[in-house]
Each structure stands twice: as C-alpha cells, then as structure tokens.
>>> print(open('entry.cif').read())   # mmCIF, C-alpha atoms and all ligand atoms
data_target
loop_
_atom_site.label_atom_id
_atom_site.label_comp_id
_atom_site.auth_asym_id
_atom_site.auth_seq_id
_atom_site.Cartn_x
_atom_site.Cartn_y
_atom_site.Cartn_z
CA MET G 1 24.43 3.51 -17.78
CA SER G 2 24.43 4.46 -14.09
CA ASN G 3 20.87 5.78 -14.55
CA ILE G 4 19.79 2.39 -15.94
CA MET G 5 21.43 0.58 -13.00
CA GLN G 6 19.74 2.98 -10.59
CA PHE G 7 16.38 2.33 -12.28
CA ILE G 8 16.92 -1.45 -12.06
CA LYS G 9 17.90 -1.23 -8.39
CA THR G 10 14.85 0.79 -7.45
CA ASN G 11 12.46 -1.23 -9.66
CA ARG G 12 13.69 -4.78 -9.09
CA LEU G 13 10.27 -6.42 -9.34
CA LEU G 14 9.40 -4.66 -12.60
CA THR G 15 12.81 -5.62 -14.03
CA ILE G 16 12.28 -9.30 -13.11
CA VAL G 17 8.81 -9.27 -14.73
CA VAL G 18 10.10 -7.67 -17.98
CA PHE G 19 13.06 -10.07 -18.05
CA SER G 20 10.70 -13.06 -17.54
CA TYR G 21 8.53 -11.90 -20.43
CA ILE G 22 11.58 -11.60 -22.70
CA VAL G 23 12.81 -15.11 -21.78
CA LEU G 24 9.30 -16.58 -22.14
CA SER G 25 8.75 -14.96 -25.54
CA MET G 26 12.01 -16.52 -26.77
CA PHE G 27 11.17 -20.08 -25.71
CA MET G 28 7.35 -20.16 -25.53
CA PRO G 29 5.95 -17.25 -27.53
CA ASP G 30 2.33 -18.44 -27.25
CA LYS G 31 2.58 -18.55 -23.43
CA ALA G 32 4.18 -15.10 -23.45
CA VAL G 33 1.23 -13.68 -25.41
CA GLN G 34 -1.22 -15.39 -23.05
CA SER G 35 0.49 -14.04 -19.93
CA LEU G 36 0.74 -10.59 -21.46
CA GLN G 37 -3.02 -10.69 -22.10
CA ASN G 38 -3.63 -11.75 -18.49
CA SER G 39 -1.39 -8.98 -17.18
CA LEU G 40 -3.16 -6.40 -19.37
CA TYR G 41 -6.52 -7.62 -18.05
CA TYR G 42 -5.40 -7.09 -14.44
CA ILE G 43 -3.78 -3.73 -15.22
CA LYS G 44 -7.07 -2.60 -16.81
CA GLU G 45 -8.98 -3.79 -13.75
CA MET G 46 -6.56 -1.98 -11.44
CA LEU G 47 -6.82 1.23 -13.45
CA MET G 48 -10.58 1.17 -12.97
CA ILE G 49 -10.49 0.40 -9.25
CA MET G 50 -7.38 2.12 -7.92
CA PRO G 51 -8.46 5.78 -8.47
CA VAL G 52 -11.44 5.19 -6.16
CA VAL G 53 -9.25 3.41 -3.61
CA LEU G 54 -6.62 6.16 -3.71
CA LEU G 55 -9.35 8.76 -3.24
CA LEU G 56 -10.58 6.83 -0.20
CA THR G 57 -7.01 6.66 1.12
CA ALA G 58 -6.61 10.42 0.57
CA LEU G 59 -9.83 11.08 2.48
CA ILE G 60 -8.69 8.90 5.41
CA THR G 61 -5.28 10.63 5.40
CA ALA G 62 -6.67 14.14 5.18
CA TRP G 63 -9.94 14.03 7.10
CA VAL G 64 -9.91 11.28 9.70
CA PRO G 65 -8.02 12.49 12.79
CA LYS G 66 -5.22 10.24 14.07
CA LYS G 67 -6.89 10.17 17.50
CA THR G 68 -10.09 8.70 16.01
CA ILE G 69 -8.20 5.85 14.34
CA GLU G 70 -6.07 5.23 17.45
CA LYS G 71 -9.17 5.15 19.65
CA ASN G 72 -11.23 2.87 17.41
CA LEU G 73 -8.62 0.67 15.73
CA GLY G 74 -5.48 1.18 17.82
CA SER G 75 -3.82 -1.28 20.17
CA ASN G 76 -6.00 -0.13 23.08
CA SER G 77 -9.27 -0.43 21.18
CA GLY G 78 -9.79 -4.00 22.49
CA ILE G 79 -12.63 -6.17 21.24
CA LYS G 80 -14.46 -3.08 19.90
CA GLY G 81 -11.55 -2.43 17.50
CA SER G 82 -11.47 -6.07 16.40
CA ILE G 83 -15.21 -6.09 15.68
CA LEU G 84 -15.00 -2.77 13.84
CA SER G 85 -12.13 -4.09 11.68
CA PHE G 86 -14.16 -7.23 11.01
CA LEU G 87 -17.19 -5.18 9.94
CA LEU G 88 -15.08 -2.88 7.75
CA GLY G 89 -13.62 -5.90 5.96
CA SER G 90 -16.99 -7.67 5.72
CA PHE G 91 -18.74 -4.75 4.03
CA SER G 92 -15.89 -3.86 1.71
CA ALA G 93 -15.95 -4.23 -2.02
CA GLY G 94 -13.29 -4.83 -4.62
CA PRO G 95 -10.27 -7.10 -4.87
CA ILE G 96 -7.88 -7.62 -1.98
CA TYR G 97 -5.08 -5.50 -3.50
CA ALA G 98 -7.40 -2.50 -3.10
CA ALA G 99 -7.20 -3.05 0.67
CA PHE G 100 -3.44 -2.56 0.93
CA PRO G 101 -3.24 1.25 0.46
CA VAL G 102 -6.23 1.67 2.81
CA CYS G 103 -4.54 -0.51 5.46
CA LYS G 104 -1.26 1.36 5.04
CA ALA G 105 -3.09 4.66 5.63
CA LEU G 106 -4.84 3.21 8.71
CA LEU G 107 -1.56 1.85 10.08
CA SER G 108 0.16 5.21 9.66
CA LYS G 109 -2.73 6.79 11.58
CA GLY G 110 -2.38 4.43 14.53
CA ALA G 111 -4.35 1.25 13.74
CA SER G 112 -2.89 -1.85 15.40
CA ILE G 113 -1.31 -4.75 13.53
CA SER G 114 -3.92 -7.24 14.80
CA ASN G 115 -6.82 -5.07 13.60
CA ILE G 116 -5.18 -4.66 10.19
CA VAL G 117 -4.77 -8.45 9.92
CA ILE G 118 -8.46 -8.87 10.81
CA LEU G 119 -9.54 -6.24 8.27
CA LEU G 120 -7.36 -7.64 5.47
CA SER G 121 -8.32 -11.26 6.12
CA THR G 122 -12.02 -10.48 6.37
CA TRP G 123 -11.80 -8.46 3.14
CA ALA G 124 -10.10 -11.40 1.45
CA VAL G 125 -12.21 -14.35 2.56
CA VAL G 126 -15.47 -13.48 4.33
CA LYS G 127 -16.77 -10.26 2.84
CA VAL G 128 -20.53 -10.20 2.40
CA PRO G 129 -20.75 -10.15 -1.45
CA MET G 130 -18.49 -13.22 -1.49
CA LEU G 131 -20.69 -15.03 1.06
CA LEU G 132 -23.76 -14.45 -1.10
CA ASN G 133 -22.03 -15.98 -4.10
CA GLU G 134 -20.74 -18.86 -1.99
CA THR G 135 -24.28 -19.61 -0.77
CA LYS G 136 -25.50 -19.65 -4.36
CA PHE G 137 -22.90 -22.19 -5.50
CA LEU G 138 -22.18 -24.28 -2.39
CA GLY G 139 -25.28 -23.89 -0.25
CA PRO G 140 -26.02 -22.06 3.03
CA LYS G 141 -24.81 -24.85 5.34
CA PHE G 142 -21.36 -24.91 3.73
CA MET G 143 -21.15 -21.10 3.83
CA ILE G 144 -22.16 -20.83 7.50
CA PHE G 145 -19.68 -23.45 8.75
CA ARG G 146 -16.86 -22.05 6.63
CA TRP G 147 -17.72 -18.51 7.85
CA ILE G 148 -17.64 -19.56 11.52
CA LEU G 149 -14.35 -21.48 11.26
CA THR G 150 -12.69 -18.84 9.09
CA THR G 151 -13.78 -16.05 11.44
CA ILE G 152 -12.29 -17.87 14.45
CA SER G 153 -9.04 -18.37 12.52
CA ILE G 154 -8.93 -14.70 11.50
CA PHE G 155 -9.09 -13.52 15.12
CA ILE G 156 -6.41 -16.03 16.15
CA MET G 157 -4.20 -14.94 13.22
CA GLY G 158 -4.61 -11.28 14.19
CA TYR G 159 -3.46 -12.07 17.73
CA ILE G 160 -0.49 -14.22 16.67
CA THR G 161 0.66 -11.74 13.99
CA SER G 162 0.59 -8.87 16.47
CA LYS G 163 2.89 -10.88 18.75
CA LEU G 164 5.30 -11.73 15.92
CA ILE G 165 5.36 -8.46 13.97
CA LYS G 166 5.85 -4.98 15.39
CA LYS G 167 5.22 -1.70 13.60
CA GLU G 168 8.99 -1.10 13.44
CA ASP G 169 9.21 -4.21 11.22
CA LEU G 170 7.02 -2.59 8.58
CA PRO G 171 8.53 -0.55 5.74
CA SER G 172 8.60 3.19 6.19
CA GLU G 173 9.93 5.72 3.74
CA ASP G 174 10.83 8.23 6.42
CA ILE G 175 14.12 10.00 6.00
CA LYS G 176 16.24 9.48 9.07
CA LYS G 177 18.12 12.54 10.31
CA ASP G 178 21.44 10.67 10.14
CA ALA G 179 20.99 9.67 6.50
CA LYS G 180 23.99 11.11 4.72
CA ALA G 181 22.66 10.96 1.18
CA GLY G 182 19.69 9.62 -0.67
CA ILE G 183 17.44 9.87 -3.68
CA LEU G 184 13.86 11.05 -3.72
CA ASP G 185 11.75 9.44 -6.36
CA ILE G 186 8.12 9.56 -7.49
CA SER G 187 6.35 6.66 -9.19
CA SER G 188 4.46 8.58 -11.81
CA GLU G 189 2.12 5.63 -12.43
CA TYR G 190 0.86 5.94 -8.85
CA CYS G 191 0.85 9.76 -8.59
CA ILE G 192 -2.68 11.14 -8.91
CA GLY G 193 -1.50 14.75 -9.14
CA CYS G 194 -3.32 15.90 -6.00
CA GLY G 195 -0.58 18.43 -5.22
CA LEU G 196 -0.40 17.62 -1.51
CA CYS G 197 3.38 17.11 -1.64
CA VAL G 198 3.84 20.55 -3.29
CA LYS G 199 1.76 22.13 -0.55
CA ILE G 200 3.75 20.45 2.22
CA ALA G 201 7.27 20.74 0.75
CA PRO G 202 7.18 23.29 -2.10
CA GLY G 203 10.97 23.42 -2.32
CA TYR G 204 11.12 19.78 -3.37
CA PHE G 205 8.07 19.01 -5.48
CA LYS G 206 6.19 20.62 -8.33
CA ILE G 207 3.32 19.56 -10.54
CA ASP G 208 3.89 19.22 -14.26
CA ASN G 209 1.29 17.75 -16.61
CA LYS G 210 -0.85 16.64 -13.64
CA LYS G 211 2.03 14.63 -12.11
CA ALA G 212 4.41 15.53 -9.31
CA ASN G 213 8.11 15.91 -10.06
CA ILE G 214 11.15 16.22 -7.84
CA ILE G 215 12.84 19.59 -8.23
CA ASN G 216 15.46 19.35 -5.51
CA GLN G 217 17.41 16.34 -4.20
CA ASP G 218 19.34 18.31 -1.59
CA ILE G 219 17.35 17.68 1.58
CA ILE G 220 18.71 19.99 4.25
CA GLU G 221 18.13 19.07 7.90
CA GLU G 222 15.51 21.80 8.46
CA GLU G 223 13.44 20.41 5.58
CA VAL G 224 13.56 16.71 6.56
CA LYS G 225 10.31 17.05 8.51
CA ALA G 226 8.47 18.64 5.57
CA VAL G 227 9.70 16.06 3.06
CA ASN G 228 8.84 13.24 5.48
CA GLY G 229 5.39 14.80 5.83
CA ALA G 230 4.94 14.74 2.05
CA ILE G 231 6.06 11.08 1.90
CA GLU G 232 3.71 10.11 4.72
CA LYS G 233 0.69 12.08 3.50
CA CYS G 234 0.97 11.18 -0.21
CA PRO G 235 -2.36 9.35 -0.66
CA SER G 236 -1.01 6.95 -3.25
CA LYS G 237 2.34 6.35 -1.49
CA ALA G 238 4.04 7.38 -4.72
CA ILE G 239 7.04 9.08 -3.08
CA LYS G 240 10.04 6.98 -2.09
CA TYR G 241 13.33 7.90 -0.49
CA THR G 242 16.28 5.59 -1.06
CA CYS G 243 19.31 5.99 1.16
CA ILE G 244 22.66 5.74 -0.63
CA SER G 245 24.85 6.51 2.35
CA GLU G 246 25.73 2.82 2.67
CA PRO G 247 27.90 0.93 0.16
CA ASN G 248 24.74 -0.79 -1.14
CA LEU G 249 21.48 0.98 -1.89
CA THR G 250 19.16 0.57 1.06
CA ASN G 251 15.59 1.70 1.49
CA ILE G 252 15.39 3.60 4.75
CA GLU G 253 13.18 1.53 6.95
S1 LIG I 1 3.25 12.48 -5.33
FE1 LIG I 1 2.33 14.42 -4.66
S2 LIG I 1 0.87 14.93 -6.25
FE2 LIG I 1 1.38 12.77 -6.51
S3 LIG I 1 -0.17 11.69 -5.36
FE3 LIG I 1 1.54 11.97 -3.99
S4 LIG I 1 1.08 13.86 -2.90
FE4 LIG I 1 -0.28 13.82 -4.68
#
>>> encode(input="entry.cif", output="structure tokens")
Amino acid sequence: MSNIMQFIKTNRLLTIVVFSYIVLSMFMPDKAVQSLQNSLYYIKEMLMIMPVVLLLTALITAWVPKKTIEKNLGSNSGIKGSILSFLLGSFSAGPIYAAFPVCKALLSKGASISNIVILLSTWAVVKVPMLLNETKFLGPKFMIFRWILTTISIFIMGYITSKLIKKEDLPSEDIKKDAKAGILDISSEYCIGCGLCVKIAPGYFKIDNKKANIINQDIIEEEVKAVNGAIEKCPSKAIKYTCISEPNLTNIE
C-alpha cells in the first residue's frame, strides 16, 4: 500500500490522467475512446521523435563544452546570443515538446533564461517550415507582418522573463548535502539505456535489459557529487531524487 502511495505521490500527473480516463469511461464511454485514441496518436508521435531529440541532448551534454554554451548563449552573450538562439529556433524541426529537453540541457550548460525563451518561442511560432506553410495558406503579406510583430514580441518576452525568473527558480534534481533522506528513482519510459549513470556512479546504478536500475538508495556524503553528476548528465533526465526528510514529500529544488 505504501508503495502505491509513493508511486502516486511521485507520478501525480499520470495518476490524474488515469483517474480522468476512468471517470470519463464511466459517464461518456465514446469520449473516453476518442481521447484514448488521441493520446495514443501523440504517444506514437513522441516515440518516433523523442529518441532523436534525446540523442541530440546527449550529444550537447557530452560533447559541447560548458564554456562554449556560456560564451555563445550565456547571460554575457549579448545580442549575438539572442540572434543565435533565434536562428537555432528558426531552423529547428519537430514539435515544441521536442525543444524542452534540448533547452534543459542548454540551461544546465550555462545558457541564459532570455536566450532559452527566445529559442523556445521561435521554435514554437516562427520556425522556417511553419512560415512556408503559412505563406501557402495565408499569403506572403500576412506571414511577413506576423513574423515581424511576433519576432519583436519574442525578444521583449525574453527580456521580461529573464527579469522575472532566475535560474534558482527552475527545478533541479540535485541532492543537497543537508538532505537527510530521499529516494532515487528512474523513469524507465525515458531511460534510453546509454549507461552514462553507471559510468559516473557505478555504486548506485546498473543496466538490466537495456534500462538503468537503482541498486543502492543509501547515498553517503562522499558519493553525493557522483550521483548528482549522473542526475545532471542523464541525457533523457530520467533520474529523479525525491527528498523525504520533511514531513511531506518534496522534490529537492
Ligand atoms: S538513466 Fe542512465 S542509462 Fe538511462 S538514460 Fe539516464 S544516464 Fe542513460
């Protein structure tokens, strides 16, 4: 029973979705089938796209030096960083949810909040393949004016967001040294079995059937750095640490 409660607490969103499906199927079974079909369509789409995205994230994490990201996309990169973020978003491909793991990897390597906002927003609303389609359906004049106004808004949004949100406000799975107790967990649906966590913290992770597993929950102080390294470097952000030193479960952030 406590395992079920633990699962529910760490997978609140999934629990709400499953519960909604159960309620919907009781009162409107036809709608439940329709939404299930829609969900399956998106899951299929994600399964096709996400491996490529996670590979890209792994390459950024492993190969691109932190200094390069800090210099080109960091808070001191100025207008050059903003333009680079804009170009990266403009020439991207794929749905917007594919951008989130990439942005998370860039943020952890030193990209600034404003540049991430610019990259994400450009990816979402003014990427080149979308502009071509827009021209086809709504005409070049419409596309050009919308592009200009949207671009101006994106730069303003990047600036305002960077004033309102600091990096400390963003979630981090790091284990704090003063955490008294916690639970390490791996989302097997996200794990791509790359083995990086085993290499970094072999006392805590092992690969079984092409997926990583936790083999030790007792994180001693000398190993905190290694386990944090595995959490940070995991290309698919599949590893989570939940602090249970407080009366309520709290993600360490
Ligand atoms: S949990 Fe380990 S094996 Fe799985 S993706 Fe992350 S680093 Fe790779």
>>> residues_near_ligand(input="entry.cif", ligand="ligand LIG 1 (chain I)", cutoff="9 Å", atoms="only C-alpha atoms and all ligand atoms", output="ChimeraX atom specification")
/G:54,58,186-188,190-200,205-207,210-213,230-239
>>> closest_atom_pairs(input="entry.cif", of="region 52-161 of chain G", to="region 166-171 of chain G", cutoff="9 Å", atoms="only C-alpha atoms", output="tab-separated table")
residue	atom	partner	partner_atom	distance
G:Leu107	CA	G:Lys167	CA	8.4
G:Ser112	CA	G:Lys167	CA	8.3
G:Ile113	CA	G:Lys167	CA	7.2
G:Thr161	CA	G:Lys166	CA	8.6
>>> residues_around(input="entry.cif", residues="region 137-151 of chain G", least_positions_apart="5", cutoff="8 Å", atoms="all atoms listed in the file", output="NGL selection string")
:G and (122 or 125-126 or 131)
>>> write_last_selection(input="entry.cif", atoms="C-alpha atoms", output="compact mmCIF listing (two decimals), in the frame of the given file")
# COMPACT_ATOMS: atom_id res chain seq x y z
CA THR G 122 -12.02 -10.48 6.37
CA VAL G 125 -12.21 -14.35 2.56
CA VAL G 126 -15.47 -13.48 4.33
CA LEU G 131 -20.69 -15.03 1.06
>>> atom_distance(input="entry.cif", atom1="CA of Ile49 (chain G)", atom2="CA of Ser92 (chain G)")
12.9 Å
>>> residues_around(input="entry.cif", residues="Gly74 (chain G)", least_positions_apart="3", cutoff="8 Å", atoms="all atoms listed in the file", output="mmCIF file with C-alpha atoms, in the coordinates of the input")
data_model
loop_
_atom_site.group_PDB
_atom_site.id
_atom_site.type_symbol
_atom_site.label_atom_id
_atom_site.label_comp_id
_atom_site.auth_asym_id
_atom_site.auth_seq_id
_atom_site.Cartn_x
_atom_site.Cartn_y
_atom_site.Cartn_z
ATOM 1 C CA ILE G 69 -8.200 5.850 14.340
ATOM 2 C CA GLU G 70 -6.070 5.230 17.450
ATOM 3 C CA LYS G 71 -9.170 5.150 19.650
ATOM 4 C CA SER G 77 -9.270 -0.430 21.180
ATOM 5 C CA GLY G 81 -11.550 -2.430 17.500
ATOM 6 C CA GLY G 110 -2.380 4.430 14.530
ATOM 7 C CA ALA G 111 -4.350 1.250 13.740
ATOM 8 C CA SER G 112 -2.890 -1.850 15.400
ATOM 9 C CA ASN G 115 -6.820 -5.070 13.600
#
>>> atom_distance(input="entry.cif", atom1="CA of Asp208 (chain G)", atom2="CA of Leu55 (chain G)")
20.2 Å
>>> closest_residue(input="entry.cif", among="G:Ile83, G:Leu106, G:Val18, G:Val224", to="Ile118 (chain G)", atoms="all atoms listed in the file")
G:Ile83
>>> atom_distance(input="entry.cif", atom1="CA of Glu189 (chain G)", atom2="CA of Ala98 (chain G)")
15.6 Å
>>> residues_near_point(input="entry.cif", point="(10.0, 19.3, -5.2)", cutoff="6 Å", atoms="only C-alpha atoms", output="PyMOL selection string")
chain G and resi 202-206+214-216
>>> axis_aligned_box(input="entry.cif", around="region 194-205 of chain G", padding_each_side="4 Å", output="AutoDock Vina command-line options")
--center_x 3.9 --center_y 19.7 --center_z -1.9 --size_x 22.4 --size_y 15.5 --size_z 16.2
>>> closest_residue(input="entry.cif", among="G:Pro51, G:Lys67, G:Leu132, G:Ile152", to="Phe86 (chain G)", atoms="only C-alpha atoms")
G:Ile152
>>> closest_residue(input="entry.cif", among="G:Tyr41, G:Tyr241, G:Tyr159, G:Tyr21", to="Ile79 (chain G)", atoms="all atoms listed in the file")
G:Tyr159
